[in-house]
Number of protein chains: 2
Amino acid sequence: MEKEISQAVIRRMPRYYRYLGELLDDGVERISSNELSTRMRVTASQIRQDLNNFGGFGQQGYGYNVKYLYDEIGKILGMNQRHNIIIVGAGNLGQALANYVKFEKWGFVIIGLFDVNSALKGISVRGIEVRMMDELEEFLKKNQVDIAALTLPKEKADEVANWLVNLGIRAIWNFAHLDLELPEHVVVENVHLSDSLMQLSYNIVRTEKSKDKK
Amino acid sequence: MEKEISQAVIRRMPRYYRYLGELLDDGVERISSNELSTRMRVTASQIRQDLNNFGGFGQQGYGYNVKYLYDEIGKILGMNQRHNIIIVGAGNLGQALANYVKFEKWGFVIIGLFDVNSALKGISVRGIEVRMMDELEEFLKKNQVDIAALTLPKEKADEVANWLVNLGIRAIWNFAHLDLELPEHVVVENVHLSDSLMQLSYNIVRTEKSKDKK
């Protein structure tokens, strides 16, 4: 796997993983690229191209072995590893993430929840106690943390992110509405809710315009 | 604006809008594509290409007028319109969205919050009262609703989405972890948190591998 795979392809992989997981749950053992294509509303050639990035997996005349493909994509996505997560910012969004049990099914285990607001001290979300930020440094010494989710205000995000990176954090799941300025070795994945809402708005406007034309 | 603009370009527009908004806040009146390129960590040619999709906006030797470009991109994204939103599912995530004041700045106004859980009845989030789902149909008759945000369990999402579409909803901001099966005229924007986490995980694994090689 020497060649660089585009982020566009990577963005589609979780969707394959999700559909294959559903097929598995439904007891489907194998599927042709055409059937998968119909279900996923992606062309069969797109599917073949995407999967060829990782060496194929399909067999002429047989299609895909669902369990095998699910496991292989899972490995590509690191689903065969455990990832410990801390959530920094225990407001509604942080609590929503902490409550999301499904993450654990895929090996993403939330082991800590931190905030500066002393009113939240001692509150537990799904058994995870909210700790104060001044306990975080000690916590990181005692626990392996693979991912820090940042669910805090934009104004504080850059400072906190850089502090976390200095303490050894290598991956950040950023919900704050800015692009973090971090060293290159840090992996960042952004969830910008406003951007998503604006894209929705664009598509609403476009649809209205095309309706007016008809 | 006859030609179809790719969703990849559209996905980048909110980021332009965000950076231009910050420049405006900083009192910057004009900017060259090179300066904008450095700030945004995108090539200047990418910026020119992206903006050319909408007819350009730049002037040779002058660069971009920040306010003008901000307003124009805002219009493209529909930021000059008001969008009324209801949130269906008033759990942590729904409440987190309802609490997000910034949305209003861009014309996204949350006017209703609905749930089936009677324990939430009468609770208010930022002045928005949680109503029960059986009040929703009546609410839609009395209020113009442009967007329904779905923050409810995957198992119920498809049914509720189709019901909303039958009641006249034309745009859905979907947080449930599945692809909704809806008529073609409905605009859907997905926020799949698990997909995002898997993409992060992929990049962690990839980074670890490239480190091992060195």
# chains A, B, ... in the order shown; residues from 1 in each chain; ligands from 1
>>> select_by_dssp(residues="range 13-176 of chain B", states="strand (DSSP E or B)", output="PyMOL selection string")
chain B and resi 30-31+59+63-65+83-88+108-115+124-125+128-132+147-150+171-174
>>> closest_atom_pairs(of="chain A", to="chain B", cutoff="6 Å", atoms="only C-alpha atoms", output="CSV")
residue,atom,partner,partner_atom,distance
A:Pro14,CA,B:Asp195,CA,5.1
A:Leu77,CA,B:Tyr202,CA,4.4
A:Gly78,CA,B:Tyr202,CA,5.7
A:Asn92,CA,B:Ala96,CA,4.7
A:Leu93,CA,B:Ala96,CA,5.1
A:Ala96,CA,B:Asn92,CA,4.7
A:Glu189,CA,B:Leu200,CA,5.6
A:Asp195,CA,B:Pro14,CA,5.1
A:Met198,CA,B:Leu77,CA,5.9
A:Leu200,CA,B:Glu189,CA,5.6
A:Ser201,CA,B:Gly78,CA,5.7
A:Tyr202,CA,B:Leu77,CA,4.4
>>> closest_residue(among="A:Leu69, A:Ile169, A:Ile87, A:Val160", to="Glu129 in chain A", atoms="only C-alpha atoms")
A:Ile87
>>> select_by_dssp(residues="range 5-198 of chain A", states="alpha helix (DSSP H)", output="ChimeraX atom specification")
/A:7-25,33-40,44-52,66-76,92-99,102-105,136-142,154-166,193-198
>>> write_last_selection(atoms="C-alpha atoms", output="compact mmCIF listing (two decimals), in the first residue's frame")
# COMPACT_ATOMS: atom_id res chain seq x y z
CA GLN A 7 -9.08 11.78 0.90
CA ALA A 8 -12.11 11.66 -1.42
CA VAL A 9 -11.77 7.88 -1.61
CA ILE A 10 -11.18 7.64 2.13
CA ARG A 11 -14.29 9.71 2.78
CA ARG A 12 -16.32 7.07 0.95
CA MET A 13 -14.89 4.07 2.81
CA PRO A 14 -16.95 4.45 6.02
CA ARG A 15 -20.05 4.35 3.85
CA TYR A 16 -18.97 1.05 2.32
CA TYR A 17 -18.26 -0.21 5.81
CA ARG A 18 -21.73 0.84 6.96
CA TYR A 19 -23.53 -0.82 4.04
CA LEU A 20 -21.51 -4.02 4.34
CA GLY A 21 -22.26 -4.09 8.07
CA GLU A 22 -25.99 -3.86 7.28
CA LEU A 23 -25.68 -6.66 4.70
CA LEU A 24 -23.94 -8.80 7.32
CA ASP A 25 -26.70 -8.07 9.82
CA SER A 33 -20.80 -5.07 -7.55
CA ASN A 34 -24.02 -4.34 -9.45
CA GLU A 35 -26.23 -5.16 -6.47
CA LEU A 36 -23.99 -3.18 -4.14
CA SER A 37 -24.09 -0.35 -6.67
CA THR A 38 -27.91 -0.29 -6.69
CA ARG A 39 -28.12 -0.33 -2.91
CA MET A 40 -25.53 2.38 -2.43
CA ALA A 44 -20.45 -0.21 -10.09
CA SER A 45 -17.37 1.19 -11.77
CA GLN A 46 -16.94 3.69 -8.93
CA ILE A 47 -17.09 0.83 -6.44
CA ARG A 48 -14.52 -1.19 -8.37
CA GLN A 49 -12.24 1.83 -8.69
CA ASP A 50 -12.53 2.71 -5.01
CA LEU A 51 -11.80 -0.81 -3.84
CA ASN A 52 -8.96 -1.24 -6.32
CA VAL A 66 -19.42 -9.51 2.37
CA LYS A 67 -17.74 -10.62 5.59
CA TYR A 68 -14.26 -10.57 4.05
CA LEU A 69 -14.77 -7.15 2.47
CA TYR A 70 -16.26 -5.77 5.70
CA ASP A 71 -13.28 -7.00 7.70
CA GLU A 72 -10.74 -5.74 5.18
CA ILE A 73 -12.28 -2.26 5.00
CA GLY A 74 -12.48 -2.36 8.77
CA LYS A 75 -8.73 -2.98 8.93
CA ILE A 76 -8.07 -0.17 6.46
CA ASN A 92 -24.46 19.60 25.18
CA LEU A 93 -22.40 18.53 22.22
CA GLY A 94 -19.71 16.90 24.35
CA GLN A 95 -22.38 15.08 26.33
CA ALA A 96 -24.12 14.02 23.12
CA LEU A 97 -20.88 12.43 21.92
CA ALA A 98 -20.29 10.77 25.29
CA ASN A 99 -23.77 9.29 25.10
CA LYS A 102 -22.39 2.99 18.94
CA PHE A 103 -18.90 4.48 18.85
CA GLU A 104 -17.76 1.74 21.22
CA LYS A 105 -18.90 -0.97 18.85
CA LEU A 136 -6.28 16.66 32.40
CA GLU A 137 -2.48 16.72 32.40
CA GLU A 138 -2.32 14.11 35.16
CA PHE A 139 -5.00 12.06 33.38
CA LEU A 140 -2.92 11.98 30.20
CA LYS A 141 0.09 10.69 32.14
CA LYS A 142 -1.91 7.80 33.56
CA LYS A 154 -14.00 28.56 18.89
CA GLU A 155 -12.16 31.19 20.93
CA LYS A 156 -10.44 28.62 23.14
CA ALA A 157 -10.00 25.80 20.64
CA ASP A 158 -6.60 26.72 19.18
CA GLU A 159 -4.96 27.26 22.55
CA VAL A 160 -6.37 24.07 24.06
CA ALA A 161 -5.50 22.04 20.95
CA ASN A 162 -1.89 23.19 21.02
CA TRP A 163 -1.65 22.49 24.74
CA LEU A 164 -3.00 18.96 24.18
CA VAL A 165 -0.51 18.39 21.36
CA ASN A 166 2.32 19.47 23.67
CA LEU A 193 -21.68 22.07 11.51
CA SER A 194 -22.11 25.57 10.11
CA ASP A 195 -20.33 24.61 6.90
CA SER A 196 -22.69 21.69 6.55
CA LEU A 197 -25.70 23.92 7.12
CA MET A 198 -24.45 26.39 4.49
>>> atom_distance(atom1="CA of Leu113 in chain A", atom2="CA of Ile85 in chain A")
8.9 Å
>>> residues_around(residues="Met133 in chain B", least_positions_apart="2", cutoff="9 Å", atoms="only C-alpha atoms", output="list in words")
Val88, Phe114, Asp115, Val116, Asn117, Arg131, Glu135, Leu136 and Glu137 of chain B
>>> atom_distance(atom1="CA of Leu180 in chain B", atom2="CA of Leu150 in chain B")
10.7 Å
>>> atom_distance(atom1="CA of Ile31 in chain A", atom2="CA of Phe54 in chain A")
18.3 Å
